[in-house]
$ cat start.txt   # compact mmCIF, C-alpha atoms
# COMPACT_ATOMS: atom_id res chain seq x y z
CA MET A 1 25.98 -23.07 -16.46
CA THR A 2 23.38 -21.65 -14.09
CA ALA A 3 21.88 -18.27 -14.96
CA PRO A 4 22.46 -15.53 -12.39
CA ARG A 5 19.65 -15.08 -9.89
CA ARG A 6 17.52 -11.97 -10.39
CA TRP A 7 16.47 -11.74 -6.72
CA ASP A 8 16.97 -13.73 -3.52
CA THR A 9 14.34 -16.45 -4.19
CA ASP A 10 14.81 -16.68 -7.98
CA ASN A 11 15.26 -20.29 -9.08
CA ARG A 12 14.69 -19.79 -12.82
CA GLY A 13 17.34 -17.20 -13.72
CA ARG A 14 15.23 -16.07 -16.66
CA GLY A 15 11.84 -14.55 -17.41
CA VAL A 16 8.81 -15.93 -19.21
CA ALA A 17 8.44 -13.54 -22.18
CA SER A 18 9.66 -10.35 -23.81
CA ALA A 19 8.03 -6.93 -23.68
CA ARG A 20 8.62 -6.41 -27.39
CA ALA A 21 5.00 -5.27 -27.90
CA PHE A 22 5.85 -2.11 -25.93
CA ALA A 23 9.19 -1.36 -27.57
CA ALA A 24 7.89 0.89 -30.38
CA PRO A 25 6.29 3.50 -28.08
CA ILE A 26 9.43 3.56 -25.94
CA LEU A 27 11.51 4.18 -29.05
CA ASP A 28 9.10 6.95 -30.12
CA LEU A 29 9.74 8.71 -26.80
CA ILE A 30 13.50 8.25 -27.16
CA LEU A 31 13.45 9.78 -30.64
CA ALA A 32 11.20 12.67 -29.60
CA ALA A 33 13.35 13.46 -26.56
CA GLY A 34 16.38 13.74 -28.85
CA GLU A 35 14.80 16.42 -31.00
CA PRO A 36 16.22 19.94 -30.58
CA ASP A 37 13.93 22.24 -28.58
CA TRP A 38 11.57 19.39 -27.60
CA VAL A 39 11.72 20.28 -23.88
CA ALA A 40 9.00 22.79 -23.07
CA GLU A 41 9.61 26.05 -21.28
CA GLU A 42 8.18 27.37 -18.00
CA PRO A 43 8.11 24.23 -15.83
CA ASP A 44 7.49 26.46 -12.79
CA THR A 45 4.14 27.32 -14.38
CA HIS A 46 3.22 23.97 -15.94
CA LEU A 47 4.64 21.38 -13.53
CA LEU A 48 5.46 22.84 -10.14
CA PRO A 49 1.90 23.66 -8.99
CA HIS A 50 0.96 19.97 -9.33
CA VAL A 51 4.00 18.78 -7.39
CA ARG A 52 3.49 21.36 -4.66
CA ARG A 53 -0.19 20.40 -4.32
CA GLU A 54 0.80 16.75 -3.78
CA CYS A 55 3.47 17.72 -1.24
CA GLU A 56 1.07 19.98 0.67
CA ASP A 57 -1.44 17.16 1.15
CA ASP A 58 -1.79 16.40 4.88
CA HIS A 59 -0.76 12.77 4.29
CA SER A 60 2.31 13.51 2.17
CA PRO A 61 5.57 12.18 3.64
CA VAL A 62 7.63 14.61 1.55
CA HIS A 63 8.21 18.34 1.78
CA PHE A 64 9.02 20.46 -1.28
CA THR A 65 12.29 22.33 -0.73
CA ASP A 66 13.42 23.70 -4.11
CA ALA A 67 13.03 23.63 -7.89
CA ARG A 68 15.33 24.92 -10.57
CA PHE A 69 15.48 24.76 -14.36
CA VAL A 70 19.04 24.21 -15.57
CA ASP A 71 19.94 23.58 -19.21
CA GLY A 72 16.55 22.02 -19.97
CA LEU A 73 16.47 19.82 -16.85
CA TYR A 74 13.90 20.64 -14.19
CA VAL A 75 15.31 19.57 -10.81
CA ILE A 76 12.82 19.20 -7.95
CA GLU A 77 14.23 18.77 -4.43
CA LEU A 78 12.13 16.98 -1.79
CA GLU A 79 12.78 16.03 1.83
CA TRP A 80 11.38 12.85 3.38
CA LEU A 81 9.63 13.90 6.60
CA SER A 82 8.98 10.73 8.57
CA SER A 83 11.62 9.15 10.78
CA SER A 84 11.80 5.91 8.84
CA VAL A 85 11.36 4.79 5.26
CA HIS A 86 11.67 1.81 2.94
CA ALA A 87 12.65 1.93 -0.73
CA ARG A 88 9.16 0.91 -1.88
CA GLU A 89 7.61 3.77 0.10
CA ILE A 90 9.88 6.28 -1.59
CA ARG A 91 9.09 4.75 -4.97
CA ALA A 92 5.33 4.88 -4.34
CA VAL A 93 5.48 8.55 -3.35
CA ALA A 94 7.74 9.38 -6.29
CA TYR A 95 5.33 7.73 -8.72
CA ARG A 96 2.39 9.59 -7.20
CA LEU A 97 4.28 12.85 -7.81
CA ILE A 98 5.29 11.74 -11.30
CA GLY A 99 1.67 10.87 -12.02
CA SER A 100 0.67 14.43 -11.18
CA ILE A 101 2.87 15.78 -14.01
CA ALA A 102 3.16 12.87 -16.45
CA GLU A 103 2.06 13.20 -20.04
CA SER A 104 1.08 10.42 -22.47
CA SER A 105 4.58 8.92 -22.76
CA THR A 106 6.83 8.67 -19.72
CA ASN A 107 10.09 6.95 -18.86
CA VAL A 108 11.41 6.82 -15.29
CA VAL A 109 14.79 5.63 -14.04
CA GLU A 110 15.48 5.35 -10.30
CA ARG A 111 19.03 5.65 -9.03
CA VAL A 112 20.97 6.70 -5.95
CA ASP A 113 23.43 9.57 -5.72
CA GLY A 114 25.12 9.79 -2.35
CA TRP A 115 22.34 9.98 0.24
CA THR A 116 19.60 10.96 -2.21
CA VAL A 117 17.22 8.82 -4.27
CA LEU A 118 16.85 10.25 -7.76
CA TYR A 119 14.14 9.74 -10.36
CA ASP A 120 15.21 10.77 -13.85
CA ILE A 121 12.05 11.36 -15.84
CA VAL A 122 11.30 12.08 -19.47
CA THR A 123 7.63 12.74 -20.11
CA GLY A 124 5.88 14.21 -23.08
CA MET A 125 3.57 14.02 -26.02
CA VAL A 126 5.02 12.44 -29.14
CA ALA A 127 3.61 12.70 -32.65
CA GLY A 128 0.11 11.25 -32.79
CA GLN A 129 -0.58 11.80 -29.06
CA THR A 130 -1.53 15.46 -29.21
CA ARG A 131 -3.18 17.94 -31.53
CA TRP A 132 -0.40 20.34 -30.57
CA ALA A 133 3.24 20.15 -31.54
CA PRO A 134 5.11 17.30 -29.79
CA HIS A 135 6.79 18.51 -26.60
CA GLY A 136 7.96 17.25 -23.27
CA HIS A 137 9.94 17.67 -20.09
CA ALA A 138 13.18 16.35 -18.59
CA ILE A 139 12.73 16.21 -14.82
CA GLN A 140 14.75 14.95 -11.90
CA LEU A 141 13.04 14.31 -8.57
CA ARG A 142 15.58 14.26 -5.74
CA ILE A 143 14.34 12.76 -2.47
CA GLY A 144 16.58 13.10 0.56
CA GLY A 145 16.45 13.60 4.30
CA ASP A 146 17.69 11.88 7.44
CA ALA A 147 15.49 8.79 7.08
CA VAL A 148 16.54 8.34 3.45
CA ARG A 149 20.19 8.59 4.42
CA THR A 150 19.72 6.01 7.19
CA MET A 151 17.97 3.65 4.77
CA LEU A 152 20.73 4.03 2.19
CA GLU A 153 23.47 3.49 4.79
CA GLN A 154 21.86 0.16 5.71
CA ARG A 155 21.57 -1.24 2.20
CA PRO A 156 23.76 -4.19 1.28
$ encode --input "start.txt" --output "structure tokens"
Amino acid sequence: MTAPRRWDTDNRGRGVASARAFAAPILDLILAAGEPDWVAEEPDTHLLPHVRRECEDDHSPVHFTDARFVDGLYVIELEWLSSSVHAREIRAVAYRLIGSIAESSTNVVERVDGWTVLYDIVTGMVAGQTRWAPHGHAIQLRIGGDAVRTMLEQRP
């Protein structure tokens, strides 16, 4: 039986190794994120200025439109400004924004909801990474706009 292809030119159907060496730190973040009261307060003070600074850069293709803190999740709304876009461009911009607020341990999951590309992010400092008490943030970047909608309408 042939393994399913992982992309259009994949002839192997399988990888070359595991990433087991990185599993323990990922598990540490999972466990920390599950602790009660791990998510830090005041994201408007600690996170938003960094995101806004990136969005206000003359070369930024995104515009900040809104941020809200709901039940421990910090939702940041962004609009793609240029008339066209590719998925990798959105991802590159999202990771630049994530980099402006990321802490020592970060997990990012990209997904699509309707006509918006979402990045669900957990970032923080787990035990052993900070002299302070472990803490973190649950963040969702939401990138939308006409060009994003057009791109998503054209996907297979």
$ residues_around --input "start.txt" --residues "Val70 in chain A" --least-positions-apart "5" --cutoff "12 Å" --atoms "only C-alpha atoms" --output "mmCIF file with C-alpha atoms, in the coordinates of the input"
data_model
loop_
_atom_site.group_PDB
_atom_site.id
_atom_site.type_symbol
_atom_site.label_atom_id
_atom_site.label_comp_id
_atom_site.auth_asym_id
_atom_site.auth_seq_id
_atom_site.Cartn_x
_atom_site.Cartn_y
_atom_site.Cartn_z
ATOM 1 C CA VAL A 39 11.720 20.280 -23.880
ATOM 2 C CA GLU A 41 9.610 26.050 -21.280
ATOM 3 C CA GLU A 42 8.180 27.370 -18.000
ATOM 4 C CA PRO A 43 8.110 24.230 -15.830
ATOM 5 C CA VAL A 75 15.310 19.570 -10.810
ATOM 6 C CA ILE A 76 12.820 19.200 -7.950
ATOM 7 C CA ALA A 138 13.180 16.350 -18.590
ATOM 8 C CA ILE A 139 12.730 16.210 -14.820
ATOM 9 C CA GLN A 140 14.750 14.950 -11.900
#
$ atom_distance --input "start.txt" --atom1 "CA of Ile98 in chain A" --atom2 "CA of Arg68 in chain A"
16.6 Å
$ axis_aligned_box --input "start.txt" --around "range 119-131 of chain A" --padding-each-side "4 Å" --output "lines of an AutoDock Vina configuration file"
center_x = 6.0
center_y = 13.8
center_z = -21.6
size_x = 26.4
size_y = 16.2
size_z = 30.4
$ closest_atom_pairs --input "start.txt" --of "range 8-103 of chain A" --to "range 112-136 of chain A" --cutoff "6 Å" --atoms "all atoms listed in the file" --output "tab-separated table"
residue	atom	partner	partner_atom	distance
A:Trp38	CA	A:His135	CA	5.0
A:Val39	CA	A:Gly136	CA	4.9
A:Ala40	CA	A:Gly136	CA	5.6
A:Ala102	CA	A:Thr123	CA	5.8
A:Glu103	CA	A:Gly124	CA	5.0
$ atom_distance --input "start.txt" --atom1 "CA of Pro36 in chain A" --atom2 "CA of Leu78 in chain A"
29.2 Å
$ closest_residue --input "start.txt" --among "A:Ala3, A:Ala33, A:Val148, A:Ile26" --to "Ser84 in chain A" --atoms "all atoms listed in the file"
A:Val148
$ closest_residue --input "start.txt" --among "A:Val62, A:Arg111, A:Glu77, A:Gly72" --to "Val93 in chain A" --atoms "all atoms listed in the file"
A:Val62
$ atom_distance --input "start.txt" --atom1 "CA of Phe64 in chain A" --atom2 "CA of Ile30 in chain A"
29.0 Å
$ closest_residue --input "start.txt" --among "A:Asp8, A:Asp28, A:Asp66, A:Glu79" --to "Ser104 in chain A" --atoms "all atoms listed in the file"
A:Asp28
$ closest_residue --input "start.txt" --among "A:Ala19, A:Pro61, A:Ala32, A:Ala24" --to "Ala92 in chain A" --atoms "only C-alpha atoms"
A:Pro61
$ closest_residue --input "start.txt" --among "A:His46, A:Ala67, A:Arg155, A:His86" --to "Arg142 in chain A" --atoms "all atoms listed in the file"
A:Ala67
$ residues_around --input "start.txt" --residues "Trp80 in chain A" --least-positions-apart "5" --cutoff "9 Å" --atoms "only C-alpha atoms" --output "PyMOL selection string"
chain A and resi 61-63+85+90+143-148
$ residues_around --input "start.txt" --residues "Arg96 in chain A" --least-positions-apart "4" --cutoff "12 Å" --atoms "all atoms listed in the file" --output "mmCIF file with C-alpha atoms, in the coordinates of the input"
data_model
loop_
_atom_site.group_PDB
_atom_site.id
_atom_site.type_symbol
_atom_site.label_atom_id
_atom_site.label_comp_id
_atom_site.auth_asym_id
_atom_site.auth_seq_id
_atom_site.Cartn_x
_atom_site.Cartn_y
_atom_site.Cartn_z
ATOM 1 C CA HIS A 50 0.960 19.970 -9.330
ATOM 2 C CA VAL A 51 4.000 18.780 -7.390
ATOM 3 C CA ARG A 53 -0.190 20.400 -4.320
ATOM 4 C CA GLU A 54 0.800 16.750 -3.780
ATOM 5 C CA CYS A 55 3.470 17.720 -1.240
ATOM 6 C CA ASP A 57 -1.440 17.160 1.150
ATOM 7 C CA SER A 60 2.310 13.510 2.170
ATOM 8 C CA PRO A 61 5.570 12.180 3.640
ATOM 9 C CA VAL A 62 7.630 14.610 1.550
ATOM 10 C CA GLU A 89 7.610 3.770 0.100
ATOM 11 C CA ILE A 90 9.880 6.280 -1.590
ATOM 12 C CA ARG A 91 9.090 4.750 -4.970
ATOM 13 C CA ALA A 92 5.330 4.880 -4.340
ATOM 14 C CA SER A 100 0.670 14.430 -11.180
ATOM 15 C CA ILE A 101 2.870 15.780 -14.010
ATOM 16 C CA ALA A 102 3.160 12.870 -16.450
ATOM 17 C CA LEU A 141 13.040 14.310 -8.570
#
$ closest_residue --input "start.txt" --among "A:Leu27, A:Glu110, A:Asp44, A:Ser18" --to "Ala87 in chain A" --atoms "only C-alpha atoms"
A:Glu110
$ build_atoms --input "start.txt" --residues "range 107-125 of chain A" --atoms "N, CA and C atoms" --output "mmCIF file, in the frame of the given file"
data_model
loop_
_atom_site.group_PDB
_atom_site.id
_atom_site.type_symbol
_atom_site.label_atom_id
_atom_site.label_comp_id
_atom_site.auth_asym_id
_atom_site.auth_seq_id
_atom_site.Cartn_x
_atom_site.Cartn_y
_atom_site.Cartn_z
ATOM 1 N N ASN A 107 9.058 7.912 -19.248
ATOM 2 C CA ASN A 107 10.090 6.950 -18.860
ATOM 3 C C ASN A 107 10.673 7.429 -17.533
ATOM 4 N N VAL A 108 10.880 6.490 -16.611
ATOM 5 C CA VAL A 108 11.410 6.820 -15.290
ATOM 6 C C VAL A 108 12.553 5.870 -14.972
ATOM 7 N N VAL A 109 13.660 6.425 -14.494
ATOM 8 C CA VAL A 109 14.790 5.630 -14.040
ATOM 9 C C VAL A 109 15.118 6.055 -12.615
ATOM 10 N N GLU A 110 15.134 5.092 -11.699
ATOM 11 C CA GLU A 110 15.480 5.350 -10.300
ATOM 12 C C GLU A 110 16.950 5.033 -10.110
ATOM 13 N N ARG A 111 17.634 5.906 -9.369
ATOM 14 C CA ARG A 111 19.030 5.650 -9.030
ATOM 15 C C ARG A 111 19.364 6.371 -7.738
ATOM 16 N N VAL A 112 20.523 6.090 -7.202
ATOM 17 C CA VAL A 112 20.970 6.700 -5.950
ATOM 18 C C VAL A 112 22.212 7.516 -6.230
ATOM 19 N N ASP A 113 22.260 8.709 -5.641
ATOM 20 C CA ASP A 113 23.430 9.570 -5.720
ATOM 21 C C ASP A 113 23.746 10.029 -4.301
ATOM 22 N N GLY A 114 24.786 9.465 -3.734
ATOM 23 C CA GLY A 114 25.120 9.790 -2.350
ATOM 24 C C GLY A 114 24.017 9.330 -1.416
ATOM 25 N N TRP A 115 23.412 10.289 -0.716
ATOM 26 C CA TRP A 115 22.340 9.980 0.240
ATOM 27 C C TRP A 115 20.982 10.453 -0.266
ATOM 28 N N THR A 116 20.837 10.490 -1.588
ATOM 29 C CA THR A 116 19.600 10.960 -2.210
ATOM 30 C C THR A 116 19.126 9.934 -3.226
ATOM 31 N N VAL A 117 17.812 9.683 -3.247
ATOM 32 C CA VAL A 117 17.220 8.820 -4.270
ATOM 33 C C VAL A 117 16.731 9.727 -5.382
ATOM 34 N N LEU A 118 17.186 9.436 -6.604
ATOM 35 C CA LEU A 118 16.850 10.250 -7.760
ATOM 36 C C LEU A 118 15.898 9.502 -8.676
ATOM 37 N N TYR A 119 15.013 10.261 -9.304
ATOM 38 C CA TYR A 119 14.140 9.740 -10.360
ATOM 39 C C TYR A 119 14.353 10.625 -11.566
ATOM 40 N N ASP A 120 15.003 10.067 -12.590
ATOM 41 C CA ASP A 120 15.210 10.770 -13.850
ATOM 42 C C ASP A 120 14.019 10.472 -14.739
ATOM 43 N N ILE A 121 13.325 11.511 -15.163
ATOM 44 C CA ILE A 121 12.050 11.360 -15.840
ATOM 45 C C ILE A 121 12.064 12.097 -17.170
ATOM 46 N N VAL A 122 11.608 11.432 -18.199
ATOM 47 C CA VAL A 122 11.300 12.080 -19.470
ATOM 48 C C VAL A 122 9.828 11.819 -19.711
ATOM 49 N N THR A 123 9.067 12.884 -19.872
ATOM 50 C CA THR A 123 7.630 12.740 -20.110
ATOM 51 C C THR A 123 7.213 13.721 -21.187
ATOM 52 N N GLY A 124 6.303 13.299 -22.027
ATOM 53 C CA GLY A 124 5.880 14.210 -23.080
ATOM 54 C C GLY A 124 4.810 13.633 -23.963
ATOM 55 N N MET A 125 4.551 14.387 -25.002
ATOM 56 C CA MET A 125 3.570 14.020 -26.020
ATOM 57 C C MET A 125 4.336 13.876 -27.331
#
